[in-house]
>>> print(open('final-v4.txt').read())   # compact mmCIF, C-alpha atoms and all ligand atoms
# COMPACT_ATOMS: atom_id res chain seq x y z
CA MET K 1 -45.92 -13.65 99.07
CA SER K 2 -47.96 -14.32 95.96
CA ALA K 3 -48.92 -17.95 95.31
CA THR K 4 -48.72 -17.34 91.57
CA ALA K 5 -45.39 -18.20 89.94
CA PRO K 6 -43.96 -15.37 87.86
CA GLU K 7 -44.37 -15.91 84.11
CA ALA K 8 -41.29 -17.23 82.36
CA PRO K 9 -39.73 -14.60 80.08
CA LEU K 10 -40.31 -14.94 76.37
CA VAL K 11 -37.18 -15.93 74.48
CA ILE K 12 -36.70 -16.51 70.79
CA VAL K 13 -34.32 -19.30 69.83
CA PRO K 14 -33.48 -21.33 66.73
CA MET K 15 -36.02 -24.06 65.92
CA ARG K 16 -34.85 -27.60 66.75
CA ARG K 17 -36.37 -31.02 66.15
CA ARG K 18 -37.53 -31.12 69.77
CA HIS K 19 -39.79 -28.11 69.11
CA LEU K 20 -41.62 -29.68 66.18
CA ARG K 21 -44.48 -31.26 68.11
CA ALA K 22 -45.49 -27.85 69.46
CA VAL K 23 -44.82 -26.12 66.14
CA LEU K 24 -47.14 -28.55 64.32
CA ARG K 25 -49.79 -28.08 66.99
CA THR K 26 -49.77 -24.33 66.39
CA GLU K 27 -49.81 -24.89 62.62
CA THR K 28 -52.92 -27.05 62.82
CA ARG K 29 -54.60 -24.36 64.90
CA VAL K 30 -53.87 -21.41 62.61
CA TYR K 31 -53.44 -22.72 59.04
CA PRO K 32 -56.04 -24.54 56.87
CA ARG K 33 -53.14 -26.50 55.35
CA PRO K 34 -50.44 -26.98 58.00
CA TRP K 35 -46.95 -28.10 57.14
CA THR K 36 -45.98 -31.69 57.91
CA VAL K 37 -43.18 -32.88 60.18
CA GLY K 38 -41.38 -34.14 57.06
CA LEU K 39 -41.39 -30.68 55.54
CA TYR K 40 -39.96 -29.16 58.71
CA LEU K 41 -37.30 -31.85 59.05
CA GLY K 42 -36.26 -31.15 55.47
CA GLU K 43 -36.00 -27.43 56.17
CA LEU K 44 -34.03 -27.91 59.40
CA ALA K 45 -31.55 -30.11 57.50
CA GLN K 46 -30.68 -27.28 55.10
CA PRO K 47 -27.50 -25.19 55.56
CA GLU K 48 -27.96 -22.39 58.11
CA GLU K 49 -26.95 -19.65 55.67
CA ARG K 50 -29.94 -20.56 53.46
CA ARG K 51 -32.52 -20.95 56.21
CA CYS K 52 -33.68 -19.25 59.43
CA TYR K 53 -36.29 -21.02 61.56
CA LEU K 54 -37.12 -19.64 65.01
CA VAL K 55 -39.43 -20.47 67.88
CA ALA K 56 -40.76 -18.22 70.65
CA ARG K 57 -40.63 -19.99 74.01
CA GLU K 58 -42.02 -19.19 77.44
CA GLY K 59 -40.28 -21.59 79.78
CA ALA K 60 -40.71 -24.98 78.14
CA GLN K 61 -43.76 -23.89 76.15
CA VAL K 62 -43.38 -23.04 72.47
CA VAL K 63 -45.93 -20.32 71.67
CA GLY K 64 -44.99 -19.27 68.14
CA HIS K 65 -42.62 -19.83 65.26
CA ALA K 66 -41.36 -18.27 62.07
CA GLY K 67 -39.22 -19.22 59.10
CA MET K 68 -37.38 -17.76 56.16
CA ILE K 69 -35.54 -19.33 53.24
CA VAL K 70 -32.89 -17.61 51.13
CA LEU K 71 -33.39 -17.71 47.36
CA GLY K 72 -30.71 -15.84 45.45
CA ASP K 73 -30.29 -12.46 47.14
CA ASP K 74 -33.77 -12.45 48.69
CA GLY K 75 -35.38 -13.83 51.81
CA HIS K 76 -38.77 -15.54 51.51
CA ILE K 77 -40.79 -15.79 54.69
CA THR K 78 -42.37 -19.25 54.69
CA THR K 79 -44.27 -19.17 57.96
CA LEU K 80 -45.14 -16.87 60.87
CA ALA K 81 -47.58 -18.22 63.42
CA VAL K 82 -48.48 -17.54 67.03
CA ASP K 83 -50.65 -19.90 69.03
CA PRO K 84 -54.15 -18.34 69.26
CA GLU K 85 -54.01 -18.18 73.08
CA HIS K 86 -50.88 -16.02 72.85
CA GLN K 87 -51.75 -13.73 69.94
CA GLY K 88 -51.87 -9.97 70.42
CA ARG K 89 -48.95 -9.89 72.86
CA GLY K 90 -46.23 -8.75 70.47
CA ILE K 91 -44.82 -12.23 69.82
CA GLY K 92 -45.42 -12.14 66.05
CA ALA K 93 -43.66 -8.78 65.87
CA ARG K 94 -40.67 -10.13 67.84
CA LEU K 95 -40.38 -13.13 65.53
CA LEU K 96 -40.68 -11.04 62.38
CA GLY K 97 -38.11 -8.54 63.69
CA LEU K 98 -35.60 -11.33 64.22
CA LEU K 99 -36.20 -12.81 60.76
CA LEU K 100 -35.42 -9.39 59.32
CA ASP K 101 -32.27 -9.16 61.46
CA ALA K 102 -31.25 -12.54 60.02
CA ALA K 103 -31.85 -11.20 56.50
CA ARG K 104 -29.59 -8.21 57.25
CA GLU K 105 -26.87 -10.42 58.74
CA ARG K 106 -26.89 -12.48 55.54
CA GLY K 107 -26.59 -9.33 53.43
CA LEU K 108 -29.88 -9.96 51.59
CA SER K 109 -31.28 -7.23 49.37
CA GLY K 110 -34.96 -7.74 50.19
CA VAL K 111 -37.56 -9.95 51.86
CA THR K 112 -40.82 -11.14 50.36
CA LEU K 113 -43.83 -13.21 51.41
CA GLU K 114 -47.33 -14.20 50.43
CA VAL K 115 -50.30 -13.53 52.68
CA ARG K 116 -53.93 -14.51 52.21
CA THR K 117 -56.14 -11.63 51.07
CA GLY K 118 -58.28 -10.54 54.00
CA ASN K 119 -55.80 -11.71 56.68
CA GLU K 120 -55.88 -8.28 58.30
CA PRO K 121 -53.78 -9.04 61.42
CA ALA K 122 -50.94 -10.35 59.25
CA LEU K 123 -51.27 -7.58 56.64
CA ALA K 124 -51.18 -4.95 59.40
CA LEU K 125 -48.13 -6.54 60.98
CA TYR K 126 -46.20 -6.68 57.71
CA ARG K 127 -47.15 -3.11 56.79
CA ARG K 128 -45.98 -1.95 60.21
CA PHE K 129 -42.55 -3.39 59.38
CA GLY K 130 -42.47 -1.59 56.03
CA PHE K 131 -43.65 -4.35 53.69
CA VAL K 132 -45.49 -3.08 50.62
CA GLU K 133 -48.10 -4.91 48.53
CA GLU K 134 -46.69 -5.45 45.05
CA GLY K 135 -49.04 -7.95 43.44
CA VAL K 136 -51.57 -10.74 43.76
CA ARG K 137 -51.32 -14.46 43.03
CA ARG K 138 -54.79 -15.59 42.01
CA GLY K 139 -55.96 -18.84 43.65
CA TYR K 140 -52.58 -19.30 45.39
CA TYR K 141 -54.16 -21.15 48.32
CA GLU K 142 -55.45 -24.28 46.57
CA GLU K 143 -57.38 -25.60 49.58
CA THR K 144 -59.71 -22.57 49.60
CA GLY K 145 -59.05 -20.90 46.25
CA ASP K 146 -58.10 -17.68 48.08
CA ASP K 147 -55.74 -15.19 46.45
CA ALA K 148 -52.39 -14.27 47.95
CA VAL K 149 -51.06 -10.74 48.28
CA ILE K 150 -47.35 -10.58 47.41
CA MET K 151 -45.51 -8.24 49.76
CA TRP K 152 -41.92 -6.97 49.60
CA LEU K 153 -39.63 -5.21 51.99
CA ARG K 154 -36.89 -3.81 49.75
CA ASP K 155 -35.28 -1.48 52.29
CA LEU K 156 -33.81 -3.53 55.11
CA THR K 157 -32.67 -0.53 57.16
CA PRO K 158 -33.38 -1.45 60.83
CA ARG K 159 -36.63 -0.16 62.29
CA PRO K 160 -37.54 0.30 65.98
CA GLU K 161 -39.55 -2.96 65.97
CA SER K 162 -36.43 -5.16 65.80
CA ALA K 163 -35.15 -7.61 68.43
CA ALA K 164 -35.86 -7.25 72.12
CA PRO K 165 -33.03 -7.74 74.65
CA GLY K 166 -34.32 -11.20 75.70
CA ASP K 167 -33.85 -12.64 72.23
CA GLN K 168 -30.87 -14.93 72.06
CA GLU K 169 -29.14 -17.74 70.29
CA ASP K 170 -29.82 -21.14 71.84
CA THR K 171 -26.52 -22.98 72.08
CA THR K 172 -28.13 -26.17 73.42
CA PRO K 173 -27.23 -29.00 71.04
C1 LIG K 201 -50.25 -12.76 62.15
C2 LIG K 201 -49.80 -13.22 63.54
C3 LIG K 201 -48.50 -14.01 63.39
C4 LIG K 201 -49.53 -11.98 64.41
O1 LIG K 201 -48.95 -12.42 65.63
P1 LIG K 201 -49.30 -11.69 67.02
O2 LIG K 201 -48.31 -12.16 68.01
O3 LIG K 201 -50.73 -11.89 67.35
O4 LIG K 201 -49.05 -10.17 66.62
P2 LIG K 201 -48.49 -9.02 67.58
O5 LIG K 201 -49.14 -9.08 68.91
O6 LIG K 201 -47.00 -9.07 67.54
O7 LIG K 201 -48.99 -7.72 66.82
C5 LIG K 201 -48.14 -7.04 65.95
C6 LIG K 201 -48.96 -6.22 64.97
O8 LIG K 201 -49.76 -7.08 64.16
C7 LIG K 201 -50.98 -6.44 63.85
N1 LIG K 201 -52.07 -7.21 64.45
C8 LIG K 201 -51.95 -8.26 65.29
N2 LIG K 201 -53.18 -8.74 65.58
C9 LIG K 201 -54.07 -7.96 64.93
C10 LIG K 201 -55.49 -7.95 64.81
N3 LIG K 201 -56.26 -8.86 65.43
N4 LIG K 201 -56.06 -7.03 64.03
C11 LIG K 201 -55.30 -6.12 63.36
N5 LIG K 201 -53.95 -6.07 63.44
C12 LIG K 201 -53.35 -6.98 64.21
C13 LIG K 201 -50.86 -5.04 64.40
O9 LIG K 201 -50.22 -4.25 63.44
C14 LIG K 201 -49.95 -5.26 65.57
O10 LIG K 201 -49.27 -4.10 65.92
P3 LIG K 201 -49.89 -3.19 67.13
O11 LIG K 201 -49.95 -4.08 68.32
O12 LIG K 201 -48.89 -2.09 67.25
O13 LIG K 201 -51.23 -2.75 66.65
C15 LIG K 201 -50.89 -14.07 64.25
O14 LIG K 201 -52.11 -13.37 64.21
C16 LIG K 201 -51.09 -15.45 63.64
O15 LIG K 201 -50.42 -16.42 64.01
N6 LIG K 201 -52.05 -15.56 62.71
C17 LIG K 201 -52.37 -16.85 62.09
C18 LIG K 201 -51.27 -17.30 61.14
C19 LIG K 201 -51.06 -16.30 60.04
O16 LIG K 201 -51.98 -15.81 59.43
N7 LIG K 201 -49.76 -16.03 59.76
C20 LIG K 201 -49.35 -15.14 58.70
C21 LIG K 201 -49.08 -15.97 57.49
S1 LIG K 201 -48.55 -14.98 56.12
>>> encode(input="final-v4.txt", output="structure tokens", more="lines below")
Ligand SMILES: CC(C)(COP(=O)(O)OP(=O)(O)OC[C@H]1O[C@@H](n2cnc3c(N)ncnc32)[C@H](O)[C@@H]1OP(=O)(O)O)[C@@H](O)C(=O)NCCC(=O)NCCS
Amino acid sequence: MSATAPEAPLVIVPMRRRHLRAVLRTETRVYPRPWTVGLYLGELAQPEERRCYLVAREGAQVVGHAGMIVLGDDGHITTLAVDPEHQGRGIGARLLGLLLDAARERGLSGVTLEVRTGNEPALALYRRFGFVEEGVRRGYYEETGDDAVIMWLRDLTPRPESAAPGDQEDTTP
């Protein structure tokens, strides 16, 4: 028998307050200007039909997270981050697929986001899901002066990259 414990399956569940320590840890590792706990608490307090915040968990370990807010008929992706040690394993794609499922369930007409120019992994991921570059916001990222590419997905028809069978709603209070 192998001495190595089998890896816990990856599940994607709604973000809760108890996940925030790990979420902020990932944020500080991947973003020059991470969100604060106060910002997240404010988002989690909003009505569920206007927000969708998810975490990817392996056992007790939170390895990534993503969020979307609803403005009018559109979804705006506010964050998508995978801990550097876990990148390149399909976790970002799983999270993004579930955000888009949430947009469809809410009957939204499109989904948009901003991404730093030159962030090739993120640009490639969004393009793979059908997002198209529609404009640039000059100097959007104040901390570095970098521009943001504005991307839109205006056709929310499901694509093969959507949710995997392990993805589930967490009913734990
Ligand atoms: C962008 C990010 C969320 C992707 O998460 P991930 O779990 O590493 O991505 P996945 O393993 O699911 O890869 C999905 C797709 O992303 C693209 N991608 C991921 N890493 C890439 C890399 N290093 N180079 C180029 N494309 C890459 C590819 O299109 C890939 O599809 P493929 O495997 O079929 O080639 C992750 O790199 C991250 O957290 N980056 C820092 C935070 C950030 O920039 N977030 C985006 C803010 S707008």
>>> residues_around(input="final-v4.txt", residues="Ser109 (chain K)", least_positions_apart="5", cutoff="10 Å", atoms="all atoms listed in the file", output="list in words")
Gly72, Asp73, Asp74, Gly75, Ala103, Arg104, Leu153, Arg154, Asp155 and Leu156 of chain K
>>> closest_atom_pairs(input="final-v4.txt", of="region 115-141 of chain K", to="region 18-34 of chain K", cutoff="12 Å", atoms="only C-alpha atoms", output="JSON lines")
{"residue": "K:Val115", "atom": "CA", "partner": "K:Tyr31", "partner_atom": "CA", "distance": 11.6}
{"residue": "K:Arg116", "atom": "CA", "partner": "K:Tyr31", "partner_atom": "CA", "distance": 10.7}
{"residue": "K:Asn119", "atom": "CA", "partner": "K:Tyr31", "partner_atom": "CA", "distance": 11.5}
{"residue": "K:Ala122", "atom": "CA", "partner": "K:Val30", "partner_atom": "CA", "distance": 11.9}
{"residue": "K:Tyr141", "atom": "CA", "partner": "K:Arg33", "partner_atom": "CA", "distance": 8.9}
>>> residues_around(input="final-v4.txt", residues="Thr112 (chain K)", least_positions_apart="6", cutoff="10 Å", atoms="only C-alpha atoms", output="count of residues only")
15
>>> residues_near_ligand(input="final-v4.txt", ligand="ligand LIG 201 (chain K)", cutoff="8 Å", atoms="all atoms listed in the file", output="PyMOL selection string")
chain K and resi 27+30-31+64+77-84+86-94+113-116+119-128
>>> residues_around(input="final-v4.txt", residues="Val55 (chain K)", least_positions_apart="5", cutoff="7 Å", atoms="all atoms listed in the file", output="VMD selection string")
chain K and resid 12 to 15 62 64 to 66
>>> closest_residue(input="final-v4.txt", among="K:Arg17, K:Val11, K:Gly110, K:Leu41", to="Val63 (chain K)", atoms="only C-alpha atoms")
K:Val11
>>> closest_residue(input="final-v4.txt", among="K:Glu58, K:Asp146, K:Glu43, K:Glu7", to="Val70 (chain K)", atoms="all atoms listed in the file")
K:Glu43
>>> atom_distance(input="final-v4.txt", atom1="CA of Leu98 (chain K)", atom2="CA of Leu54 (chain K)")
8.5 Å
>>> closest_residue(input="final-v4.txt", among="K:Glu143, K:Ile69, K:Gly118, K:Ala60", to="Gln46 (chain K)", atoms="only C-alpha atoms")
K:Ile69
>>> atom_distance(input="final-v4.txt", atom1="CA of Ala8 (chain K)", atom2="CA of Gly59 (chain K)")
5.2 Å
>>> atom_distance(input="final-v4.txt", atom1="CA of Ala45 (chain K)", atom2="CA of Gly97 (chain K)")
23.4 Å
>>> axis_aligned_box(input="final-v4.txt", around="region 6-22 of chain K", padding_each_side="4 Å", output="lines of an AutoDock Vina configuration file")
center_x = -39.5
center_y = -22.9
center_z = 76.9
size_x = 20.0
size_y = 24.7
size_z = 29.9
>>> decode(input="final-v4.txt", residues="region 121-133 of chain K", atoms="N, CA and C atoms", output="PDB file, in the first residue's frame")
ATOM      1  N   PRO K 121      -1.151  34.826 -19.520  1.00  0.00           N
ATOM      2  CA  PRO K 121      -1.936  33.677 -19.064  1.00  0.00           C
ATOM      3  C   PRO K 121      -3.418  34.016 -18.938  1.00  0.00           C
ATOM      4  N   ALA K 122      -3.717  35.193 -18.369  1.00  0.00           N
ATOM      5  CA  ALA K 122      -5.120  35.571 -18.187  1.00  0.00           C
ATOM      6  C   ALA K 122      -5.778  35.866 -19.540  1.00  0.00           C
ATOM      7  N   LEU K 123      -5.079  36.592 -20.406  1.00  0.00           N
ATOM      8  CA  LEU K 123      -5.641  36.908 -21.725  1.00  0.00           C
ATOM      9  C   LEU K 123      -5.958  35.615 -22.490  1.00  0.00           C
ATOM     10  N   ALA K 124      -5.030  34.653 -22.418  1.00  0.00           N
ATOM     11  CA  ALA K 124      -5.241  33.386 -23.136  1.00  0.00           C
ATOM     12  C   ALA K 124      -6.441  32.641 -22.563  1.00  0.00           C
ATOM     13  N   LEU K 125      -6.553  32.654 -21.247  1.00  0.00           N
ATOM     14  CA  LEU K 125      -7.686  31.972 -20.614  1.00  0.00           C
ATOM     15  C   LEU K 125      -9.003  32.601 -21.053  1.00  0.00           C
ATOM     16  N   TYR K 126      -9.085  33.918 -21.000  1.00  0.00           N
ATOM     17  CA  TYR K 126     -10.344  34.587 -21.355  1.00  0.00           C
ATOM     18  C   TYR K 126     -10.670  34.375 -22.841  1.00  0.00           C
ATOM     19  N   ARG K 127      -9.660  34.448 -23.679  1.00  0.00           N
ATOM     20  CA  ARG K 127      -9.910  34.226 -25.124  1.00  0.00           C
ATOM     21  C   ARG K 127     -10.444  32.806 -25.340  1.00  0.00           C
ATOM     22  N   ARG K 128      -9.861  31.859 -24.618  1.00  0.00           N
ATOM     23  CA  ARG K 128     -10.281  30.464 -24.767  1.00  0.00           C
ATOM     24  C   ARG K 128     -11.772  30.310 -24.453  1.00  0.00           C
ATOM     25  N   PHE K 129     -12.286  31.130 -23.550  1.00  0.00           N
ATOM     26  CA  PHE K 129     -13.703  31.082 -23.195  1.00  0.00           C
ATOM     27  C   PHE K 129     -14.552  31.985 -24.088  1.00  0.00           C
ATOM     28  N   GLY K 130     -13.956  32.601 -25.086  1.00  0.00           N
ATOM     29  CA  GLY K 130     -14.728  33.382 -26.050  1.00  0.00           C
ATOM     30  C   GLY K 130     -14.740  34.879 -25.805  1.00  0.00           C
ATOM     31  N   PHE K 131     -14.025  35.346 -24.779  1.00  0.00           N
ATOM     32  CA  PHE K 131     -13.957  36.792 -24.544  1.00  0.00           C
ATOM     33  C   PHE K 131     -13.173  37.459 -25.679  1.00  0.00           C
ATOM     34  N   VAL K 132     -13.628  38.672 -26.013  1.00  0.00           N
ATOM     35  CA  VAL K 132     -13.025  39.428 -27.113  1.00  0.00           C
ATOM     36  C   VAL K 132     -12.573  40.779 -26.570  1.00  0.00           C
ATOM     37  N   GLU K 133     -11.403  41.235 -27.037  1.00  0.00           N
ATOM     38  CA  GLU K 133     -10.883  42.540 -26.599  1.00  0.00           C
ATOM     39  C   GLU K 133     -11.653  43.641 -27.310  1.00  0.00           C
TER      40      GLU K 133
END
